[in-house]
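A.B. asks: Just so it is clear, I am handing over upload_9.cif, which has mmCIF, C-alpha atoms.
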```cif
data_upload
#
loop_
_atom_site.group_PDB
_atom_site.id
_atom_site.type_symbol
_atom_site.label_atom_id
_atom_site.label_comp_id
_atom_site.auth_asym_id
_atom_site.auth_seq_id
_atom_site.Cartn_x
_atom_site.Cartn_y
_atom_site.Cartn_z
ATOM 1 C CA ALA A 66 25.166 16.609 19.624
ATOM 2 C CA ASP A 67 21.405 16.348 19.323
ATOM 3 C CA ALA A 68 19.950 14.759 16.225
ATOM 4 C CA LEU A 69 18.224 17.144 13.843
ATOM 5 C CA VAL A 70 14.689 15.916 13.079
ATOM 6 C CA LEU A 71 12.261 17.179 10.419
ATOM 7 C CA ASP A 72 8.526 16.604 10.849
ATOM 8 C CA LEU A 73 7.081 16.759 7.344
ATOM 9 C CA ALA A 74 3.490 18.080 7.062
ATOM 10 C CA THR A 75 3.653 19.021 10.741
ATOM 11 C CA GLY A 76 0.184 20.581 10.931
ATOM 12 C CA THR A 77 -0.230 21.833 14.510
ATOM 13 C CA ALA A 78 3.186 20.396 15.491
ATOM 14 C CA ARG A 79 1.717 17.543 17.475
ATOM 15 C CA ILE A 80 4.607 15.183 16.676
ATOM 16 C CA PRO A 81 7.361 17.719 17.527
ATOM 17 C CA ARG A 82 5.611 18.523 20.817
ATOM 18 C CA GLU A 83 5.405 14.811 21.597
ATOM 19 C CA LEU A 84 9.130 14.456 20.832
ATOM 20 C CA VAL A 85 9.937 17.242 23.291
ATOM 21 C CA ASP A 86 7.638 15.688 25.916
ATOM 22 C CA ARG A 87 9.162 12.208 25.573
ATOM 23 C CA SER A 88 12.836 13.041 25.249
ATOM 24 C CA ARG A 89 15.592 15.344 26.270
ATOM 25 C CA ALA A 90 15.638 16.710 22.740
ATOM 26 C CA GLY A 91 17.452 19.984 22.409
ATOM 27 C CA ASP A 92 16.436 22.491 19.801
ATOM 28 C CA GLY A 93 16.836 20.119 16.866
ATOM 29 C CA ILE A 94 13.214 19.695 15.819
ATOM 30 C CA VAL A 95 11.862 21.386 12.691
ATOM 31 C CA GLY A 96 8.193 21.273 11.739
ATOM 32 C CA LEU A 97 7.426 21.945 8.077
ATOM 33 C CA ASP A 98 3.964 22.512 6.606
ATOM 34 C CA ILE A 99 2.616 24.183 3.472
ATOM 35 C CA THR A 100 -0.516 25.548 5.170
ATOM 36 C CA PRO A 101 -0.022 28.909 6.943
ATOM 37 C CA ALA A 102 -3.187 28.500 9.054
ATOM 38 C CA MET A 103 -1.933 25.175 10.442
ATOM 39 C CA LEU A 104 1.461 26.688 11.248
ATOM 40 C CA GLU A 105 -0.221 29.604 13.019
ATOM 41 C CA GLN A 106 -1.936 27.088 15.301
ATOM 42 C CA ALA A 107 1.404 25.309 15.737
ATOM 43 C CA ARG A 108 3.106 28.593 16.689
ATOM 44 C CA ASP A 109 0.430 29.227 19.322
ATOM 45 C CA LYS A 110 1.032 25.767 20.814
ATOM 46 C CA CYS A 111 4.842 25.973 20.651
ATOM 47 C CA SER A 112 5.528 29.554 21.732
ATOM 48 C CA ALA A 113 5.614 29.078 25.492
ATOM 49 C CA GLY A 114 6.698 26.696 28.206
ATOM 50 C CA ARG A 115 8.895 23.711 27.460
ATOM 51 C CA TYR A 116 8.375 24.058 23.674
ATOM 52 C CA ALA A 117 9.603 27.651 23.360
ATOM 53 C CA GLY A 118 12.763 27.801 21.273
ATOM 54 C CA ARG A 119 12.955 24.025 20.850
ATOM 55 C CA ILE A 120 10.632 23.570 17.867
ATOM 56 C CA HIS A 121 11.322 25.588 14.721
ATOM 57 C CA LEU A 122 8.457 25.981 12.247
ATOM 58 C CA VAL A 123 8.857 26.520 8.503
ATOM 59 C CA CYS A 124 6.164 27.189 5.898
ATOM 60 C CA ALA A 125 7.084 25.289 2.724
ATOM 61 C CA SER A 126 6.065 22.342 0.589
ATOM 62 C CA GLY A 127 7.060 18.847 1.623
ATOM 63 C CA THR A 128 8.184 18.242 -1.954
ATOM 64 C CA ALA A 129 10.425 21.347 -2.060
ATOM 65 C CA ALA A 130 11.810 21.786 1.457
ATOM 66 C CA PRO A 131 14.253 24.730 1.691
ATOM 67 C CA PHE A 132 17.126 22.898 3.375
ATOM 68 C CA ALA A 133 20.561 21.805 2.214
ATOM 69 C CA ALA A 134 21.269 18.198 1.268
ATOM 70 C CA GLY A 135 22.121 16.014 4.249
ATOM 71 C CA SER A 136 20.645 18.446 6.795
ATOM 72 C CA PHE A 137 18.673 15.952 8.885
ATOM 73 C CA ASP A 138 19.311 12.804 10.889
ATOM 74 C CA ALA A 139 15.649 11.784 10.682
ATOM 75 C CA VAL A 140 12.479 12.757 8.837
ATOM 76 C CA ILE A 141 9.101 11.797 10.226
ATOM 77 C CA CYS A 142 5.598 12.242 8.873
ATOM 78 C CA GLY A 143 2.267 11.252 10.357
ATOM 79 C CA PHE A 144 -0.578 11.004 7.865
ATOM 80 C CA GLY A 145 0.558 13.842 5.621
ATOM 81 C CA THR A 146 1.932 12.238 2.468
ATOM 82 C CA HIS A 147 -1.347 11.312 0.764
ATOM 83 C CA HIS A 148 -1.712 14.878 -0.570
ATOM 84 C CA MET A 149 1.778 14.871 -2.165
ATOM 85 C CA ASP A 150 3.454 13.552 -5.291
ATOM 86 C CA LEU A 151 4.886 10.581 -3.404
ATOM 87 C CA GLN A 152 7.893 9.668 -5.542
ATOM 88 C CA HIS A 153 8.940 13.321 -5.755
ATOM 89 C CA MET A 154 8.497 13.701 -1.984
ATOM 90 C CA LEU A 155 10.540 10.570 -1.231
ATOM 91 C CA SER A 156 13.387 11.714 -3.497
ATOM 92 C CA GLY A 157 13.340 15.096 -1.753
ATOM 93 C CA VAL A 158 13.374 13.472 1.690
ATOM 94 C CA ARG A 159 16.311 11.276 0.667
ATOM 95 C CA ARG A 160 18.192 14.429 -0.359
ATOM 96 C CA LEU A 161 17.498 16.024 3.040
ATOM 97 C CA LEU A 162 18.694 13.014 5.051
ATOM 98 C CA LYS A 163 22.274 12.263 5.949
ATOM 99 C CA ASP A 164 23.479 8.866 4.729
ATOM 100 C CA GLY A 165 22.155 6.379 7.266
ATOM 101 C CA GLY A 166 19.423 8.772 8.400
ATOM 102 C CA TRP A 167 15.948 7.472 9.169
ATOM 103 C CA LEU A 168 12.610 8.066 7.484
ATOM 104 C CA VAL A 169 9.628 7.097 9.638
ATOM 105 C CA LEU A 170 6.083 7.340 8.258
ATOM 106 C CA ALA A 171 2.594 6.520 9.424
ATOM 107 C CA GLU A 172 0.077 6.685 6.604
ATOM 108 C CA ALA A 173 -3.210 5.317 5.381
ATOM 109 C CA GLY A 174 -2.478 2.523 2.934
ATOM 110 C CA ALA A 175 -4.517 1.276 0.033
ATOM 111 C CA PRO A 176 -5.910 -2.228 0.393
ATOM 112 C CA GLU A 177 -5.128 -4.738 -2.360
ATOM 113 C CA PHE A 178 -8.915 -4.774 -2.892
ATOM 114 C CA TRP A 179 -8.566 -1.430 -4.746
ATOM 115 C CA ARG A 180 -6.090 -2.683 -7.361
ATOM 116 C CA PRO A 181 -8.134 -4.994 -9.701
ATOM 117 C CA TRP A 182 -10.553 -3.317 -12.157
ATOM 118 C CA TRP A 183 -13.589 -4.145 -10.008
ATOM 119 C CA GLY A 184 -11.916 -2.670 -6.917
ATOM 120 C CA ARG A 185 -11.101 0.528 -8.814
ATOM 121 C CA ALA A 186 -14.741 0.646 -10.016
ATOM 122 C CA PHE A 187 -15.963 0.241 -6.422
ATOM 123 C CA LEU A 188 -13.613 3.005 -5.271
ATOM 124 C CA TRP A 189 -14.642 5.329 -8.129
ATOM 125 C CA PHE A 190 -18.337 4.814 -7.386
ATOM 126 C CA SER A 191 -17.856 5.271 -3.629
ATOM 127 C CA LEU A 192 -15.823 8.457 -4.040
ATOM 128 C CA HIS A 193 -18.300 9.993 -6.472
ATOM 129 C CA LEU A 194 -21.178 9.120 -4.177
ATOM 130 C CA TYR A 195 -19.308 10.760 -1.295
ATOM 131 C CA SER A 196 -18.618 13.826 -3.432
ATOM 132 C CA ALA A 197 -22.256 14.114 -4.525
ATOM 133 C CA PHE A 198 -23.415 14.262 -0.924
ATOM 134 C CA SER A 199 -20.474 16.201 0.525
ATOM 135 C CA GLY A 200 -19.607 18.525 -2.358
ATOM 136 C CA GLY A 201 -17.059 21.292 -2.405
ATOM 137 C CA ALA A 202 -13.307 21.552 -2.355
ATOM 138 C CA ARG A 203 -12.933 19.329 0.710
ATOM 139 C CA ALA A 204 -14.603 16.387 -1.068
ATOM 140 C CA ARG A 205 -12.365 16.861 -4.136
ATOM 141 C CA ALA A 206 -9.251 16.993 -1.929
ATOM 142 C CA GLU A 207 -10.288 13.796 -0.147
ATOM 143 C CA MET A 208 -10.971 12.076 -3.483
ATOM 144 C CA ASP A 209 -7.460 12.975 -4.640
ATOM 145 C CA ALA A 210 -5.967 11.810 -1.335
ATOM 146 C CA VAL A 211 -7.735 8.437 -1.437
ATOM 147 C CA THR A 212 -6.647 7.740 -5.002
ATOM 148 C CA ASN A 213 -3.062 8.665 -3.993
ATOM 149 C CA MET A 214 -2.904 5.969 -1.290
ATOM 150 C CA ARG A 215 -0.447 3.156 -1.946
ATOM 151 C CA THR A 216 -0.224 -0.454 -0.846
ATOM 152 C CA ARG A 217 2.548 -1.737 1.379
ATOM 153 C CA ASP A 218 4.390 -3.235 -1.626
ATOM 154 C CA GLU A 219 4.009 -0.022 -3.645
ATOM 155 C CA TRP A 220 5.569 1.941 -0.769
ATOM 156 C CA ARG A 221 8.503 -0.489 -0.644
ATOM 157 C CA ALA A 222 9.116 -0.097 -4.381
ATOM 158 C CA MET A 223 8.939 3.718 -4.235
ATOM 159 C CA LEU A 224 11.290 3.870 -1.248
ATOM 160 C CA SER A 225 13.794 1.620 -2.986
ATOM 161 C CA ARG A 226 13.685 3.768 -6.153
ATOM 162 C CA ALA A 227 14.306 6.872 -4.026
ATOM 163 C CA GLY A 228 17.491 5.384 -2.517
ATOM 164 C CA PHE A 229 16.267 3.917 0.762
ATOM 165 C CA THR A 230 17.405 0.598 2.226
ATOM 166 C CA GLY A 231 16.494 -1.452 5.298
ATOM 167 C CA ILE A 232 12.817 -0.874 4.538
ATOM 168 C CA GLU A 233 10.465 -2.154 7.225
ATOM 169 C CA THR A 234 6.691 -1.935 6.945
ATOM 170 C CA ARG A 235 3.870 -2.886 9.234
ATOM 171 C CA GLU A 236 0.239 -3.015 8.220
ATOM 172 C CA GLU A 237 -2.666 -2.928 10.655
ATOM 173 C CA ARG A 238 -5.597 -5.081 9.671
ATOM 174 C CA ALA A 239 -8.767 -3.286 8.662
ATOM 175 C CA ARG A 240 -12.263 -4.431 9.580
ATOM 176 C CA ARG A 241 -13.293 -4.741 5.927
ATOM 177 C CA ALA A 242 -11.356 -5.741 2.802
ATOM 178 C CA TRP A 243 -12.084 -2.401 1.132
ATOM 179 C CA TYR A 244 -11.085 -0.191 4.109
ATOM 180 C CA PRO A 245 -7.722 1.594 4.034
ATOM 181 C CA ARG A 246 -5.009 0.131 6.256
ATOM 182 C CA ILE A 247 -2.733 1.935 8.676
ATOM 183 C CA LEU A 248 0.859 1.555 7.513
ATOM 184 C CA THR A 249 3.942 2.297 9.557
ATOM 185 C CA ILE A 250 7.124 2.478 7.554
ATOM 186 C CA ARG A 251 10.750 2.833 8.553
ATOM 187 C CA ALA A 252 13.598 3.122 6.062
ATOM 188 C CA VAL A 253 17.263 4.094 6.054
ATOM 189 C CA ALA A 254 18.765 6.611 3.637
ATOM 190 C CA GLY A 255 21.182 4.573 1.557
ATOM 191 C CA PRO A 256 24.642 5.856 0.617
ATOM 192 C CA GLY A 257 24.549 8.904 -1.673
ATOM 193 C CA ASP A 258 26.049 8.974 -5.128
#
```
Any chance you could put this one into structure tokens?

C.D. replies:
Amino acid sequence: ADALVLDLATGTARIPRELVDRSRAGDGIVGLDITPAMLEQARDKCSAGRYAGRIHLVCASGTAAPFAAGSFDAVICGFGTHHMDLQHMLSGVRRLLKDGGWLVLAEAGAPEFWRPWWGRAFLWFSLHLYSAFSGGARARAEMDAVTNMRTRDEWRAMLSRAGFTGIETREERARRAWYPRILTIRAVAGPGD
């Protein structure tokens, strides 16, 4: 049987389409996103050709996905978690995964530079300067997203608390100490209670 895969914060369903393109995946790919406009674009891209009937799209929050416990063999997310309550999201993802199922994330990670008081002051000043020149809801959303970024070690701790094991992380070097890093994370859903 085909593995059932959930793409969390699917946006325009780029990752599910890539999965179909690169594999012989059946109809076991679900894309979930909270934004109806993004899912409308995803539906347009997935409604015909090789994607038709193979990618199922659901409008819901990544922290309150409407699926039964143990529904998925894998959950993936590409750059969508920074707008979520991370610990709540990870606990929800663990619930959705079968024991031994995989969580695979790619996300912007906070540099250690942001953790001491002077790094937080630099970040605060930079974000407020950005907001002053950018303004509006988009700037506020980006400020919230940046302050929600976690370091590699913080991700490991959160994953462990949520019941994941076999945690592997990789961090791409940034050009400057204060730039966010690209993190790739893979973890296994540990045995349930």

A.B. asks: May I ask which of the residues A:Phe132, A:Trp182, A:Phe229, A:Phe144 is the closest one to Arg79 of chain A, counting only C-alpha atoms?

C.D. replies: A:Phe144

A.B. asks: Go ahead and compute the interatomic distance for atom CA of Ile247 of chain A and atom CA of Gly135 of chain A, in Å to one decimal.

C.D. replies: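 Between atom CA of Ile247 of chain A and atom CA of Gly135 of chain A the gap is 28.9 Å.
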
A.B. asks: Using the chain letters and numbers from the file, give me the residues hit by the PyMOL selection byres ((chain A and resi 217-222) around 8), as an mmCIF file with C-alpha atoms, in the frame of the given file.

C.D. replies:
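Output file result-v4.cif follows:
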```cif
data_model
loop_
_atom_site.group_PDB
_atom_site.id
_atom_site.type_symbol
_atom_site.label_atom_id
_atom_site.label_comp_id
_atom_site.auth_asym_id
_atom_site.auth_seq_id
_atom_site.Cartn_x
_atom_site.Cartn_y
_atom_site.Cartn_z
ATOM 1 C CA GLY A 174 -2.478 2.523 2.934
ATOM 2 C CA ALA A 175 -4.517 1.276 0.033
ATOM 3 C CA ARG A 215 -0.447 3.156 -1.946
ATOM 4 C CA THR A 216 -0.224 -0.454 -0.846
ATOM 5 C CA MET A 223 8.939 3.718 -4.235
ATOM 6 C CA LEU A 224 11.290 3.870 -1.248
ATOM 7 C CA SER A 225 13.794 1.620 -2.986
ATOM 8 C CA ARG A 226 13.685 3.768 -6.153
ATOM 9 C CA ILE A 232 12.817 -0.874 4.538
ATOM 10 C CA THR A 234 6.691 -1.935 6.945
ATOM 11 C CA GLU A 236 0.239 -3.015 8.220
ATOM 12 C CA LEU A 248 0.859 1.555 7.513
#
```

A.B. asks: Any idea what's packed within 12 Å of Val95 of chain A, counting all atoms listed in the file, ignoring anything in its chain fewer than 6 positions away? Could you give it as a PyMOL selection string?

C.D. replies: chain A and resi 68-76+78-82+84-85+104+107+111+116+118-125+130-132+136-142

A.B. asks: Suppose a student applies the PyMOL selection byres ((chain A and resi 164) around 9) to this structure; what residues should they get, written as number ranges by chain?

C.D. replies: A: 135, 138, 159, 162-163, 165-167, 253-257

A.B. asks: Starting from the sparse input, extend segment 233-249 of chain A to N, CA and C atoms and give the output as a short mmCIF file (atom, residue, chain, number, x, y, z; two decimals), in the coordinates of the input.

C.D. replies:
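This went into rebuild-v8.cif:
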```
data_model
loop_
_atom_site.label_atom_id
_atom_site.label_comp_id
_atom_site.auth_asym_id
_atom_site.auth_seq_id
_atom_site.Cartn_x
_atom_site.Cartn_y
_atom_site.Cartn_z
N GLU A 233 11.35 -1.34 6.38
CA GLU A 233 10.46 -2.15 7.22
C GLU A 233 9.07 -1.56 7.17
N THR A 234 8.07 -2.41 6.96
CA THR A 234 6.69 -1.94 6.94
C THR A 234 5.85 -2.80 7.87
N ARG A 235 4.84 -2.17 8.41
CA ARG A 235 3.87 -2.89 9.23
C ARG A 235 2.49 -2.41 8.82
N GLU A 236 1.59 -3.34 8.67
CA GLU A 236 0.24 -3.02 8.22
C GLU A 236 -0.77 -3.49 9.25
N GLU A 237 -1.59 -2.57 9.72
CA GLU A 237 -2.67 -2.93 10.66
C GLU A 237 -3.85 -3.45 9.86
N ARG A 238 -4.43 -4.51 10.33
CA ARG A 238 -5.60 -5.08 9.67
C ARG A 238 -6.79 -4.15 9.76
N ALA A 239 -7.54 -4.08 8.68
CA ALA A 239 -8.77 -3.29 8.66
C ALA A 239 -9.96 -4.21 8.89
N ARG A 240 -11.06 -3.63 9.31
CA ARG A 240 -12.26 -4.43 9.58
C ARG A 240 -12.90 -4.98 8.31
N ARG A 241 -12.71 -4.31 7.19
CA ARG A 241 -13.29 -4.74 5.93
C ARG A 241 -12.20 -4.75 4.86
N ALA A 242 -12.36 -5.61 3.86
CA ALA A 242 -11.36 -5.74 2.80
C ALA A 242 -11.16 -4.44 2.03
N TRP A 243 -12.17 -3.62 1.93
CA TRP A 243 -12.08 -2.40 1.13
C TRP A 243 -11.69 -1.17 1.96
N TYR A 244 -11.50 -1.32 3.26
CA TYR A 244 -11.08 -0.19 4.11
C TYR A 244 -9.58 0.05 3.95
N PRO A 245 -9.16 1.32 4.01
CA PRO A 245 -7.72 1.59 4.03
C PRO A 245 -7.07 0.98 5.27
N ARG A 246 -5.79 0.68 5.15
CA ARG A 246 -5.01 0.13 6.26
C ARG A 246 -4.16 1.24 6.87
N ILE A 247 -3.72 1.03 8.08
CA ILE A 247 -2.73 1.94 8.68
C ILE A 247 -1.37 1.29 8.45
N LEU A 248 -0.50 2.03 7.77
CA LEU A 248 0.86 1.56 7.51
C LEU A 248 1.84 2.34 8.37
N THR A 249 2.79 1.64 8.95
CA THR A 249 3.94 2.30 9.56
C THR A 249 5.16 1.82 8.79
#
```
